[in-house]
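Here the structure comes first, spelled out in structure tokens, and everything after it is commentary.
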Amino acid sequence: MKFSETWLREWVDPPVHRDELLEQLTMAGLEVDGVVPVSGAFSGVVVARVASVESHPDADKLAVCQVEDGEGSVQVVCGAPNVRAGLVTAFARVGAMLPGDFKIKKAKLRGVESRGMLCSAAELGLGDDHDGILELGEGAAVGADLRETLKLDDVSVDVDLTPNRGDCLSLRGLAREVGVLNNSAVSYPEIAPVTAVVEDVFPVTLEAPEGCPRYLGRVIRGIDTNGDSPAWLKERLRRCGLRSIDPVVDVTNYVMLELGQPMHAFDLRQLQQGIVVRMATSGEKLTLLDGKEVALDEDTLLITDAGGPVAIAGVMGGERSGVQPDTVDVFLECAFFAPLAVSGTARRYGLHTDASHRYERGVDSALQHQAMERATRLLLDIVGGEAGPVTETVDPEKLPVRATVRLRENRLNQLVGAPMSTSDVDEALKRLDFRLLDRDVTERDGVCWTIEAPSHRFDIEREADLVEEVVRIYGYNRVPARRPVTDLALRAVPLGQSAEADLKHFLASQGLQEAVTYSFVDPKLQDLLDPGTRSVALANPMSSEQSVMRTNMLAGLVGALQLNMSRQQERVRLFEVGLCFQPAADTDSVGEAGDRSVVRQQPLLAIVLSGASVPEGWNQGRDDVDFFDIKGLMDQVFDWAGLVDVSYVSRRDDVMHPGQAATVLLAGRPVGRLGRLHPEVETRLDVPRPIYFLEVEAGAVLRRGTRKYQAFSRYPSVRRDLALVVDEQVTAAEIERVVRETLGSVLTDFRVFDVYHGKGIDSNEKSLAVGLTLQDPSATLNEDQIAGYTEDVLAALQRGVNARLR
């Protein structure tokens, strides 16, 4: 919000310099964003009266004027279309300096001498109007310095208010705040009721009292809108960032700036039968004052008459009922609209108005009568007319209730971090106009204050709000800075579980990079990567691309992989540890009564690989990652965790390659999956290279395996290699299982080192070359023992998987 310092000091004038005043506002939470002079830098400009105007003898568009400047009469040649005898305006004498270091000198224009210049607002830095010279009111003293007359040694201050401080979106609110900060009296203007001269009223009906519990209306007949707003009114609007439109609109804007109450004026002859405040119905349209037609949705609060919508409540009026140059009778609206009824409405229609800005943050629900009387008096003084009685339509039960809040001394001191005297608290509450309902003392809480917040402080809801207010008035800079002192209790470390941070450090050491992706994903991508699984939809998503909660980790990681590949990253290795969300029974969206039980959360570890298997180098291959790279990473993770009872079985999965997919088993229980994405899925994702991934329960890999001591054997080991011919469907895991069951502790290592298909091997078979490392913990194995173990293994393999030596 922008305001004029001079206007503010007419309300409250604390004995502090401008810089100190602005610092006070910032420290009180009303951050000053900018300070701009209200005019350009000029000197030697005075108030003057045009005594006479004659046509220039040699130019049709120029006039020769005699100007009285308080020291005599001066001849000036002027080309402004509005110059006329009797006009009081701004006159730059010879020698005056105008903005831009422009010095006024004697001159001849088409042969006629000109000693000075009559100035427009733009030439003095008083706005953008350069179509005519400045018009001052008759009350300005001829010969007086213009800067002093218009109080131009002023600044326009732009304050950035937090959403909870809607009470400061007016001169009244800012003055009240400055008065509190400096303990200075505020000079509120006297607003006397305007006596009704005519009995005309216009009926109002509230069909949506939740959104509009109070609506004041007043008929004013016989106004004259052909005149112009007085200079003082236009200047105050300009210094607050608003331009003058017409006297009626200017008055409503002035009252909004002064008191904080938005108002609207309707052309009475365009209204039919009566005003009805209701919600919009499907299919309704409204042409706004800016000429834009909008299709209204059912969540929009409207001001309507018998002919349909005439305004979007609290946002903008309609073109049909707007005040026109020939308007004679007006209907003044002054209403209280609930913030929830207006919030988001302007944004949905691509609008942002001063009225919506205030209503969304909250307006004093007790302010409407004062604002109506203030606007009426200003209108009668400026455009004339006869006022009717004020009609009020109200639903008292729907009006806001003033909050009653209790403040405890001990809690105050705890939150502030330093003791505050009760007298300082008493003084702060008094200056803030908080009505003290009770003040008592308890052994546990100390002094306790129970207050009722004034109607303009609708942001006061709980004890923490009172603490903030008291400290704000007390002064943040008076609170001593102290380091917190507390006892840090040692946290229990579970011996059976690894820390998530340790897992992340291990994965980073394997050349992977951590990704952190949103839990909210695109439903289309989710359906592609987890078909058939019902997702949890968000009740209020940030966008349609983030409208469901992820059921697996693929959507986020694949998106990150695509982003990297689109930026010429040919080798991508990412991991993420995060939560996935599954809906509970009969739950379609999040946010039902805040119940977290409607969603089941599961922490998962996911890894995606694509591109080259190893970094590019002169001594390394250029092969791309394959199934065994992702499986090897899974093995490394389980080795790090100390888990040995791990196995893999083939898997059928709609999103995975039919021949390169496996289920991860830990102690026989499925805990994850790994493999390659299905080629059709890769095609739809438009990725240039295959994508391999794994997903496993984070709890499974964070669980530490039971570690047992086993002494090293002092005796030599021996290795025997076997070339086995088995059926194509027999897996290496099945062979390893048979061998380990047969040899027991004598087998210290089992390794598959070759797979062969080709000459000498049936097309339905394959040859596996395995290496068996044997070692006895108590003696050296001899050839007979080794041969016996070998024969036992071959016999067991023949029985178990129908294997034979090649």
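Letters for chains follow the order of the structure tokens (A, B, ...), residue numbers begin at 1 for each chain, and ligand numbers begin at 1 in the order shown.
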How close does region 158-231 of chain A get to region 365-381 of chain A? List, as a tab-separated table, each residue of region 158-231 of chain A within 9 Å, its nearest atom pair and the distance in Å to one decimal, counting only C-alpha atoms.
residue	atom	partner	partner_atom	distance
A:Ile191	CA	A:Arg374	CA	6.0
A:Ala192	CA	A:Glu373	CA	7.0
A:Pro193	CA	A:Glu373	CA	5.6
A:Val194	CA	A:Glu373	CA	6.2
A:Arg214	CA	A:Ser365	CA	8.2
A:Tyr215	CA	A:Gln368	CA	8.3
A:Leu216	CA	A:Gln368	CA	7.1
A:Gly217	CA	A:Met372	CA	8.2
A:Arg218	CA	A:Met372	CA	8.1
A:Ile220	CA	A:Thr376	CA	8.2
A:Ile223	CA	A:Leu380	CA	7.8
**Request:** Mind checking which residues fall within 12 Å of Asn164 (chain A), counting only C-alpha atoms, ignoring those fewer than 6 positions away in the same chain, and posting them as a ChimeraX atom specification?
**Result:** /A:29-30,339,357-363,456-461,465
Dump as a tab-separated table (two decimals), in the first residue's frame, selection limited to N, CA and C atoms:
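Done, and the output landed in again.tsv:
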chain	number	residue	atom	x	y	z
A	29	GLY	N	6.75	-4.57	11.74
A	29	GLY	CA	6.19	-5.58	10.84
A	29	GLY	C	5.54	-5.02	9.60
A	30	LEU	N	5.55	-3.68	9.45
A	30	LEU	CA	5.00	-3.03	8.26
A	30	LEU	C	6.18	-2.59	7.40
A	339	PRO	N	-13.85	-12.75	4.18
A	339	PRO	CA	-12.64	-13.05	3.40
A	339	PRO	C	-12.72	-14.36	2.61
A	357	HIS	N	-8.12	-6.85	-2.83
A	357	HIS	CA	-6.92	-6.94	-1.99
A	357	HIS	C	-7.27	-6.77	-0.52
A	358	ARG	N	-8.21	-5.88	-0.23
A	358	ARG	CA	-8.59	-5.64	1.16
A	358	ARG	C	-9.56	-6.68	1.68
A	359	TYR	N	-10.57	-7.02	0.88
A	359	TYR	CA	-11.55	-7.99	1.36
A	359	TYR	C	-10.92	-9.36	1.60
A	360	GLU	N	-9.96	-9.76	0.77
A	360	GLU	CA	-9.30	-11.05	0.95
A	360	GLU	C	-8.55	-11.11	2.28
A	361	ARG	N	-8.02	-9.98	2.73
A	361	ARG	CA	-7.25	-9.94	3.97
A	361	ARG	C	-8.11	-9.60	5.18
A	362	GLY	N	-9.28	-9.06	4.93
A	362	GLY	CA	-10.20	-8.77	6.01
A	362	GLY	C	-10.45	-7.28	6.17
A	363	VAL	N	-11.70	-6.94	6.38
A	363	VAL	CA	-12.12	-5.55	6.61
A	363	VAL	C	-12.85	-5.50	7.95
A	456	HIS	N	-11.27	-4.27	14.47
A	456	HIS	CA	-10.32	-4.11	13.37
A	456	HIS	C	-9.14	-5.07	13.47
A	457	ARG	N	-8.97	-5.74	14.61
A	457	ARG	CA	-7.88	-6.71	14.75
A	457	ARG	C	-8.43	-8.13	14.63
A	458	PHE	N	-8.95	-8.41	13.43
A	458	PHE	CA	-9.54	-9.73	13.16
A	458	PHE	C	-8.49	-10.82	13.04
A	459	ASP	N	-7.19	-10.44	13.08
A	459	ASP	CA	-6.12	-11.44	12.98
A	459	ASP	C	-5.75	-12.02	14.34
A	460	ILE	N	-6.28	-11.48	15.42
A	460	ILE	CA	-5.96	-11.97	16.76
A	460	ILE	C	-6.83	-13.18	17.06
A	461	GLU	N	-6.21	-14.35	17.19
A	461	GLU	CA	-6.96	-15.58	17.39
A	461	GLU	C	-6.48	-16.40	18.58
A	465	ASP	N	-0.54	-14.83	19.08
A	465	ASP	CA	-0.79	-13.54	18.43
A	465	ASP	C	-0.61	-12.40	19.42
**Message:** Give me, as a list of chain:residue names, all polymer residues having an atom no more than 10 Å from Ser778 (chain A), counting only C-alpha atoms and skipping those fewer than 2 positions away in the same chain.
**Reply:** A:Ser713, A:Arg714, A:Tyr715, A:Gln775, A:Asp776, A:Thr780, A:Leu781
**Message:** Show me, as a list of chain:residue names, the residues that have an atom within 6 Å of region 313-324 of chain A when counting only C-alpha atoms, minus same-chain residues fewer than 6 positions from it.
**Reply:** A:Phe266, A:Asp267, A:Gln270, A:Thr287, A:Leu288, A:Leu289, A:Leu301, A:Leu302, A:Ile303, A:Ala355, A:Ser356
**Contacts of Glu427 (chain A) at 10 Å (only C-alpha atoms; same-chain gap of 4+ positions) as a PyMOL selection string** = chain A and resi 180+183+422-423+431-432+470+473-474
Restricting the output to N, CA, C and O atoms, write the selected residues as a PDB file, in the first residue's frame.
ATOM      1  N   VAL A 180       0.229   4.045  18.308  1.00  0.00           N
ATOM      2  CA  VAL A 180       0.563   3.021  19.302  1.00  0.00           C
ATOM      3  C   VAL A 180       2.069   2.949  19.500  1.00  0.00           C
ATOM      4  O   VAL A 180       2.563   2.891  20.637  1.00  0.00           O
ATOM      5  N   ASN A 183       3.092   6.181  21.249  1.00  0.00           N
ATOM      6  CA  ASN A 183       2.226   6.613  22.348  1.00  0.00           C
ATOM      7  C   ASN A 183       1.723   8.037  22.112  1.00  0.00           C
ATOM      8  O   ASN A 183       1.706   8.882  23.018  1.00  0.00           O
ATOM      9  N   THR A 422       5.325  -6.752  33.897  1.00  0.00           N
ATOM     10  CA  THR A 422       3.870  -6.744  33.689  1.00  0.00           C
ATOM     11  C   THR A 422       3.368  -5.348  33.345  1.00  0.00           C
ATOM     12  O   THR A 422       2.368  -5.195  32.646  1.00  0.00           O
ATOM     13  N   SER A 423       4.075  -4.319  33.803  1.00  0.00           N
ATOM     14  CA  SER A 423       3.653  -2.951  33.467  1.00  0.00           C
ATOM     15  C   SER A 423       3.828  -2.683  31.976  1.00  0.00           C
ATOM     16  O   SER A 423       3.000  -1.989  31.356  1.00  0.00           O
ATOM     17  N   ARG A 431      -2.445   0.406  24.755  1.00  0.00           N
ATOM     18  CA  ARG A 431      -2.197   1.183  23.543  1.00  0.00           C
ATOM     19  C   ARG A 431      -2.758   0.493  22.300  1.00  0.00           C
ATOM     20  O   ARG A 431      -3.079   1.147  21.306  1.00  0.00           O
ATOM     21  N   LEU A 432      -2.869  -0.820  22.354  1.00  0.00           N
ATOM     22  CA  LEU A 432      -3.404  -1.569  21.217  1.00  0.00           C
ATOM     23  C   LEU A 432      -4.927  -1.602  21.198  1.00  0.00           C
ATOM     24  O   LEU A 432      -5.518  -2.246  20.328  1.00  0.00           O
ATOM     25  N   VAL A 470       2.493  -7.791  21.787  1.00  0.00           N
ATOM     26  CA  VAL A 470       3.148  -7.171  22.943  1.00  0.00           C
ATOM     27  C   VAL A 470       4.616  -6.905  22.640  1.00  0.00           C
ATOM     28  O   VAL A 470       5.142  -5.811  22.893  1.00  0.00           O
ATOM     29  N   ILE A 473       5.143  -3.968  20.150  1.00  0.00           N
ATOM     30  CA  ILE A 473       5.021  -2.642  20.763  1.00  0.00           C
ATOM     31  C   ILE A 473       6.166  -2.395  21.747  1.00  0.00           C
ATOM     32  O   ILE A 473       6.704  -1.293  21.834  1.00  0.00           O
ATOM     33  N   TYR A 474       6.567  -3.421  22.449  1.00  0.00           N
ATOM     34  CA  TYR A 474       7.687  -3.306  23.383  1.00  0.00           C
ATOM     35  C   TYR A 474       8.973  -2.965  22.634  1.00  0.00           C
ATOM     36  O   TYR A 474       9.791  -2.173  23.106  1.00  0.00           O
TER      37      TYR A 474
END
